[in-house]
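Peer 1: coords-v3.cif is reproduced in full below (mmCIF, C-alpha atoms and all ligand atoms).
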data_run
loop_
_atom_site.label_atom_id
_atom_site.label_comp_id
_atom_site.auth_asym_id
_atom_site.auth_seq_id
_atom_site.Cartn_x
_atom_site.Cartn_y
_atom_site.Cartn_z
CA MET E 1 -30.23 -36.21 2.09
CA GLY E 2 -27.64 -37.66 -0.30
CA SER E 3 -27.16 -36.57 -3.89
CA TYR E 4 -28.15 -38.67 -6.87
CA GLY E 5 -25.70 -41.04 -8.55
CA THR E 6 -25.94 -42.91 -11.84
CA MET E 7 -29.29 -44.36 -12.95
CA SER E 8 -31.04 -42.07 -10.40
CA LYS E 9 -29.89 -44.27 -7.51
CA PRO E 10 -29.66 -42.01 -4.46
CA VAL E 11 -26.25 -41.90 -2.80
CA ILE E 12 -26.75 -42.65 0.88
CA LYS E 13 -24.40 -40.72 3.16
CA VAL E 14 -23.29 -42.72 6.19
CA ALA E 15 -21.77 -41.05 9.26
CA ALA E 16 -19.41 -43.59 10.84
CA LEU E 17 -18.57 -43.17 14.53
CA CYS E 18 -16.03 -45.16 16.49
CA GLY E 19 -16.18 -45.86 20.22
CA SER E 20 -12.42 -46.22 20.59
CA LEU E 21 -9.54 -43.75 20.45
CA ARG E 22 -6.84 -46.41 20.15
CA LYS E 23 -4.58 -46.01 17.11
CA ALA E 24 -4.81 -49.71 16.23
CA SER E 25 -8.43 -49.96 17.40
CA PHE E 26 -10.22 -53.02 16.03
CA ASN E 27 -13.43 -51.00 15.86
CA GLY E 28 -11.60 -48.30 13.93
CA GLY E 29 -10.53 -51.15 11.64
CA LEU E 30 -14.18 -52.05 11.07
CA ILE E 31 -14.87 -48.47 10.00
CA ARG E 32 -11.90 -48.40 7.61
CA ALA E 33 -13.08 -51.69 6.13
CA ALA E 34 -16.62 -50.28 5.78
CA ILE E 35 -15.21 -47.27 3.89
CA GLU E 36 -13.22 -49.57 1.57
CA LEU E 37 -16.13 -51.93 0.99
CA SER E 38 -18.54 -49.11 0.21
CA LYS E 39 -16.07 -47.61 -2.29
CA GLU E 40 -15.17 -50.86 -4.00
CA GLN E 41 -18.23 -53.08 -3.78
CA ILE E 42 -21.41 -51.11 -3.01
CA THR E 43 -23.06 -48.68 -5.41
CA GLY E 44 -24.80 -45.71 -3.83
CA LEU E 45 -23.24 -45.81 -0.37
CA HIS E 46 -20.71 -43.26 0.87
CA VAL E 47 -19.25 -43.93 4.31
CA GLU E 48 -17.43 -41.09 6.08
CA PHE E 49 -15.56 -41.40 9.37
CA ILE E 50 -16.68 -38.70 11.79
CA ASP E 51 -13.92 -37.94 14.27
CA THR E 52 -15.36 -37.29 17.73
CA SER E 53 -12.04 -37.14 19.59
CA SER E 54 -11.93 -33.33 19.82
CA LEU E 55 -15.43 -32.92 21.25
CA PRO E 56 -15.30 -31.44 24.75
CA MET E 57 -16.85 -33.46 27.54
CA LEU E 58 -20.51 -32.55 27.64
CA ASN E 59 -21.18 -29.57 29.85
CA THR E 60 -24.28 -27.49 29.28
CA ASP E 61 -22.40 -24.44 30.59
CA LEU E 62 -20.62 -24.51 27.21
CA GLU E 63 -23.93 -23.81 25.46
CA ASP E 64 -24.81 -20.22 24.75
CA ASN E 65 -28.42 -19.50 23.78
CA GLY E 66 -28.72 -22.66 21.71
CA ARG E 67 -25.20 -22.27 20.25
CA PHE E 68 -22.53 -24.88 20.88
CA PRO E 69 -18.71 -24.83 20.90
CA ALA E 70 -17.28 -24.79 17.33
CA GLU E 71 -16.22 -28.48 17.37
CA VAL E 72 -19.69 -29.47 18.54
CA GLU E 73 -21.44 -27.32 15.90
CA GLU E 74 -19.27 -28.94 13.20
CA PHE E 75 -19.99 -32.42 14.51
CA ARG E 76 -23.73 -31.83 14.73
CA GLN E 77 -23.78 -30.46 11.18
CA LYS E 78 -22.06 -33.61 9.87
CA ILE E 79 -24.66 -35.81 11.53
CA LEU E 80 -27.49 -33.65 10.20
CA GLU E 81 -26.12 -34.00 6.67
CA ALA E 82 -25.89 -37.80 6.91
CA ASP E 83 -28.73 -40.09 5.89
CA CYS E 84 -27.83 -42.73 8.44
CA CYS E 85 -25.27 -43.71 11.08
CA PHE E 86 -22.85 -46.59 11.44
CA PHE E 87 -21.46 -47.17 14.92
CA ALA E 88 -18.43 -49.34 15.68
CA SER E 89 -18.61 -49.81 19.41
CA PRO E 90 -16.46 -51.90 21.71
CA ASP E 91 -17.80 -52.97 25.09
CA TYR E 92 -16.46 -51.04 28.04
CA ASN E 93 -17.76 -52.85 31.11
CA TYR E 94 -20.83 -54.12 29.25
CA SER E 95 -21.74 -50.70 27.87
CA VAL E 96 -20.81 -48.07 25.30
CA THR E 97 -17.60 -46.12 25.74
CA PRO E 98 -17.50 -42.58 27.16
CA LEU E 99 -16.27 -41.30 23.78
CA LEU E 100 -19.36 -42.59 22.01
CA LYS E 101 -21.79 -41.59 24.75
CA ASN E 102 -20.37 -38.06 24.77
CA ALA E 103 -20.93 -37.75 21.02
CA LEU E 104 -24.45 -39.16 21.33
CA ASP E 105 -25.25 -36.71 24.11
CA TRP E 106 -23.93 -33.65 22.24
CA GLY E 107 -25.99 -34.66 19.22
CA SER E 108 -29.07 -35.09 21.39
CA ARG E 109 -29.12 -31.49 22.62
CA PRO E 110 -32.06 -29.67 21.08
CA PRO E 111 -32.66 -29.88 18.24
CA ASN E 112 -31.74 -33.59 18.34
CA VAL E 113 -29.65 -34.26 15.21
CA TRP E 114 -30.10 -38.05 15.33
CA ALA E 115 -33.87 -37.99 14.96
CA GLY E 116 -35.37 -40.22 12.30
CA LYS E 117 -32.10 -41.64 10.99
CA ALA E 118 -31.44 -45.28 10.24
CA ALA E 119 -28.48 -46.82 12.05
CA ALA E 120 -26.35 -49.92 12.34
CA VAL E 121 -23.99 -51.04 15.07
CA VAL E 122 -21.05 -53.41 14.81
CA SER E 123 -18.54 -54.45 17.45
CA ALA E 124 -15.10 -55.92 17.64
CA CYS E 125 -14.26 -56.83 21.19
CA GLY E 126 -13.41 -59.70 23.44
CA GLY E 127 -16.83 -60.76 24.53
CA GLY E 128 -20.49 -60.65 23.71
CA GLY E 129 -21.06 -57.14 22.45
CA ARG E 130 -23.45 -56.14 25.20
CA ALA E 131 -22.76 -52.46 24.44
CA GLN E 132 -24.88 -52.90 21.35
CA TYR E 133 -27.99 -53.40 23.47
CA HIS E 134 -27.25 -50.28 25.51
CA LEU E 135 -26.73 -48.34 22.28
CA ARG E 136 -30.03 -49.60 20.88
CA GLN E 137 -31.72 -48.53 24.11
CA ILE E 138 -30.18 -45.04 23.91
CA GLY E 139 -31.37 -44.97 20.32
CA VAL E 140 -34.99 -45.22 21.48
CA PHE E 141 -34.84 -41.78 23.07
CA LEU E 142 -32.67 -40.33 20.28
CA ASP E 143 -35.16 -41.66 17.70
CA LEU E 144 -32.50 -43.66 15.86
CA HIS E 145 -33.82 -46.66 13.94
CA PHE E 146 -31.39 -49.56 14.16
CA ILE E 147 -31.40 -52.41 11.70
CA ASN E 148 -31.92 -55.69 13.53
CA LYS E 149 -30.19 -57.99 11.08
CA PRO E 150 -27.55 -59.02 10.42
CA GLU E 151 -26.04 -58.68 13.87
CA TYR E 152 -22.29 -58.21 13.87
CA TYR E 153 -20.09 -59.17 16.78
CA LEU E 154 -16.50 -59.97 15.99
CA ASN E 155 -14.37 -61.62 18.63
CA ALA E 156 -11.07 -59.95 17.85
CA PHE E 157 -9.08 -62.31 20.03
CA GLN E 158 -10.31 -65.67 18.75
CA PRO E 159 -8.36 -67.41 15.95
CA PRO E 160 -8.09 -67.04 12.98
CA VAL E 161 -6.43 -63.64 13.16
CA LYS E 162 -8.97 -60.99 12.16
CA PHE E 163 -6.85 -57.83 12.29
CA ASN E 164 -3.25 -57.01 11.45
CA GLY E 165 -0.99 -54.99 13.76
CA ASP E 166 -2.41 -51.70 12.47
CA GLY E 167 -5.96 -52.78 13.27
CA ASP E 168 -6.93 -53.40 9.64
CA LEU E 169 -9.59 -56.04 9.11
CA ILE E 170 -7.90 -58.83 7.12
CA ASP E 171 -10.31 -61.74 7.56
CA SER E 172 -12.29 -62.26 4.36
CA ASP E 173 -15.32 -63.84 6.04
CA ALA E 174 -15.54 -60.95 8.51
CA ARG E 175 -15.27 -58.47 5.62
CA GLU E 176 -18.06 -60.21 3.72
CA ARG E 177 -20.29 -60.19 6.79
CA LEU E 178 -19.55 -56.49 7.25
CA LYS E 179 -20.59 -55.88 3.66
CA GLN E 180 -23.95 -57.53 4.41
CA VAL E 181 -24.47 -55.11 7.33
CA LEU E 182 -23.81 -52.16 5.02
CA LEU E 183 -26.20 -53.49 2.39
CA SER E 184 -28.88 -53.96 5.02
CA LEU E 185 -28.31 -50.42 6.34
CA GLN E 186 -28.54 -49.04 2.80
CA ALA E 187 -31.79 -50.87 2.08
CA PHE E 188 -33.35 -49.83 5.40
CA THR E 189 -32.32 -46.18 4.93
CA LEU E 190 -33.96 -46.11 1.51
CA ARG E 191 -37.03 -47.76 3.00
CA ILE E 192 -37.53 -45.29 5.83
CA GLN E 193 -36.82 -42.38 3.48
CA GLY E 194 -39.55 -43.75 1.21
CA LYS E 195 -37.21 -44.29 -1.73
CA SER E 196 -37.56 -48.02 -2.23
C1 LIG E 201 -12.30 -50.01 30.31
C2 LIG E 201 -12.46 -51.25 29.47
C3 LIG E 201 -13.55 -52.08 29.68
C4 LIG E 201 -13.74 -53.23 28.89
N1 LIG E 201 -14.87 -53.99 29.07
C5 LIG E 201 -15.11 -55.02 28.23
C6 LIG E 201 -16.32 -55.74 28.31
O1 LIG E 201 -17.19 -55.46 29.12
N2 LIG E 201 -16.53 -56.77 27.43
C7 LIG E 201 -15.58 -57.08 26.48
O2 LIG E 201 -15.81 -58.01 25.71
N3 LIG E 201 -14.42 -56.43 26.40
C8 LIG E 201 -14.17 -55.40 27.23
N4 LIG E 201 -13.00 -54.68 27.12
C9 LIG E 201 -12.03 -55.10 26.11
C10 LIG E 201 -12.28 -54.35 24.81
O3 LIG E 201 -13.41 -54.87 24.17
C11 LIG E 201 -11.06 -54.51 23.92
O4 LIG E 201 -10.01 -53.82 24.54
C12 LIG E 201 -11.28 -53.97 22.54
O5 LIG E 201 -10.16 -54.29 21.78
C13 LIG E 201 -11.48 -52.49 22.56
O6 LIG E 201 -11.81 -52.04 21.26
P1 LIG E 201 -10.73 -51.34 20.30
O7 LIG E 201 -9.81 -52.42 19.79
O8 LIG E 201 -11.56 -50.78 19.20
O9 LIG E 201 -10.00 -50.30 21.08
C14 LIG E 201 -12.78 -53.55 27.90
C15 LIG E 201 -11.68 -52.72 27.71
C16 LIG E 201 -11.52 -51.59 28.47
C17 LIG E 201 -10.34 -50.68 28.19
#
With the file now loaded, output its structure as structure tokens.
Ligand SMILES: Cc1cc2nc3c(=O)[nH]c(=O)nc-3n(C[C@H](O)[C@H](O)[C@H](O)COP(=O)(O)O)c2cc1C

Peer 2:
Amino acid sequence: MGSYGTMSKPVIKVAALCGSLRKASFNGGLIRAAIELSKEQITGLHVEFIDTSSLPMLNTDLEDNGRFPAEVEEFRQKILEADCCFFASPDYNYSVTPLLKNALDWGSRPPNVWAGKAAAVVSACGGGGRAQYHLRQIGVFLDLHFINKPEYYLNAFQPPVKFNGDGDLIDSDARERLKQVLLSLQAFTLRIQGKS
């Protein structure tokens, strides 16, 4: 659970996970924008990027009497310490990417570190964001509670230009809509933690 900020407003810790490894990933850009927005415009929300790129591919042979490889232990601890999760997930063939699924699966090994947390999913991709529905379905078994609104699908390839060459989100309307997702996630997290 997060610490307490000014005026006794709890600081909500958000674990942000990206489905893409690409350096100039648009979804990585959504996470960087979420970090900036939470710092500059939202009181009581702390978004931290959780790097999943060094997690080994899931293999239960790597488990030893309930202990996991060091990278996995560290990752699981970060999720446990977070109040909620923020996923930026592209579509890979209408589903979530292997990177994201691998992280979800490692976190699901008993004891499931996702259980009871609020979550939000956003996507920047070419099409309809169908991966979001697969992620919500996975979330049923992981006991993640996704906000329903606002939905956030950003067509990265449609004009006007949304991202610069580094993958930074530069479109002001898209940034404002992203802020509304974060505010909704914050409110829902407080609600399910019984603090609002
Ligand atoms: C293996 C693969 C499968 C993809 N499948 C889809 C898809 O089903 N729907 C879609 O809209 N875009 C699809 N794309 C395009 C990605 O959404 C696009 O490359 C996006 O920019 C990836 O996110 P990133 O910028 O964060 O890396 C696919 C890309 C790859 C590499």

Peer 1: Would you mind listing the residues within 6 Å of ligand LIG 201 (chain E), counting all atoms listed in the file, as number ranges by chain?

Peer 2: E: 20, 22, 25-28, 90-94, 125-128

Peer 1: Where's the centre, and what are the edge lengths in Å to one decimal, of a box along x, y and z enclosing all listed atoms of stretch 161-167 of chain E padded 8 Å per side, as lines of an AutoDock Vina configuration file?

Peer 2:
center_x = -5.0
center_y = -57.7
center_z = 12.6
size_x = 24.0
size_y = 27.9
size_z = 18.3

Peer 1: Fewer than 3 positions away in the same chain doesn't count, so skip those; otherwise give me all residues within 12 Å of E:Phe163, counting all atoms listed in the file, as a VMD selection string.

Peer 2: chain E and resid 24 to 30 32 to 33 124 to 125 154 to 160 166 to 172 174 to 175

Peer 1: Please determine, counting all atoms listed in the file, which residue among E:Ile42, E:Lys195, E:Asp51, E:Thr97 has the shortest atom-to-atom distance to E:Leu183.

Peer 2: E:Ile42

Peer 1: Counting all atoms listed in the file, figure out which residue out of E:Gly129, E:Pro10, E:Gly139, E:Pro98 gets nearest to E:Val113.

Peer 2: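 Of E:Gly129, E:Pro10, E:Gly139, E:Pro98, the one nearest E:Val113, counting all atoms listed in the file, is E:Gly139.
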
Peer 1: Show me, as an MDAnalysis selection string, the residues that have an atom within 10 Å of E:Leu104 when counting only C-alpha atoms, minus same-chain residues fewer than 3 positions from it.

Peer 2: chainID E and resid 17 52 58 76 98:101 107:109 112:114 135 138:139 142

Peer 1: Ranking E:Ile31, E:Val140, E:Val47, E:Pro110 by minimum distance to E:Gly66 and counting all atoms listed in the file, which one comes first?

Peer 2: E:Pro110

Peer 1: Which of these residues is nearest to E:Ser95, using only C-alpha atoms: E:Arg130, E:Lys117, E:Lys179, E:Lys13?

Peer 2: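 With only C-alpha atoms as the atom set, the closest residue is E:Arg130.
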
Peer 1: For E:Gly44, which residue out of E:Leu182, E:Ile79, E:Val11, E:Ala120 is the nearest one, using all atoms listed in the file?

Peer 2: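 Selected residue with least distance to E:Gly44: E:Val11.
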
Peer 1: Rounded to one decimal, what separation in Å do you get between atom CA of E:Glu48 and atom CA of E:Glu176?

Peer 2: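 Straight-line distance from atom CA of E:Glu48 to atom CA of E:Glu176 works out to 19.3 Å.
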
Peer 1: Given the choices E:Ala70, E:Ala131, E:Cys18, E:Ile12, which gets closest to E:Phe86 if the distance is worked out from only C-alpha atoms?

Peer 2: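 Under the stated criterion, the closest residue is E:Cys18.
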
Peer 1: With all atoms listed in the file as the counted atoms, please give the residues lying no more than 9 Å from E:Gln186, apart from itself and same-chain residues fewer than 4 positions off, as a PDB file with C-alpha atoms, in the coordinates of the input.

Peer 2:
ATOM      1  CA  ILE E  12     -26.750 -42.650   0.880  1.00  0.00           C
ATOM      2  CA  VAL E  14     -23.290 -42.720   6.190  1.00  0.00           C
ATOM      3  CA  GLY E  44     -24.800 -45.710  -3.830  1.00  0.00           C
ATOM      4  CA  LEU E  45     -23.240 -45.810  -0.370  1.00  0.00           C
ATOM      5  CA  CYS E  84     -27.830 -42.730   8.440  1.00  0.00           C
ATOM      6  CA  ALA E 118     -31.440 -45.280  10.240  1.00  0.00           C
ATOM      7  CA  VAL E 181     -24.470 -55.110   7.330  1.00  0.00           C
ATOM      8  CA  LEU E 182     -23.810 -52.160   5.020  1.00  0.00           C
ATOM      9  CA  LEU E 190     -33.960 -46.110   1.510  1.00  0.00           C
ATOM     10  CA  ARG E 191     -37.030 -47.760   3.000  1.00  0.00           C
TER      11      ARG E 191
END

Peer 1: As an exercise, work out the distance from atom CA of E:Ala115 to atom CA of E:Asp143 in Å and give it to one decimal place.

Peer 2: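 Going from atom CA of E:Ala115 over to atom CA of E:Asp143 covers 4.8 Å.
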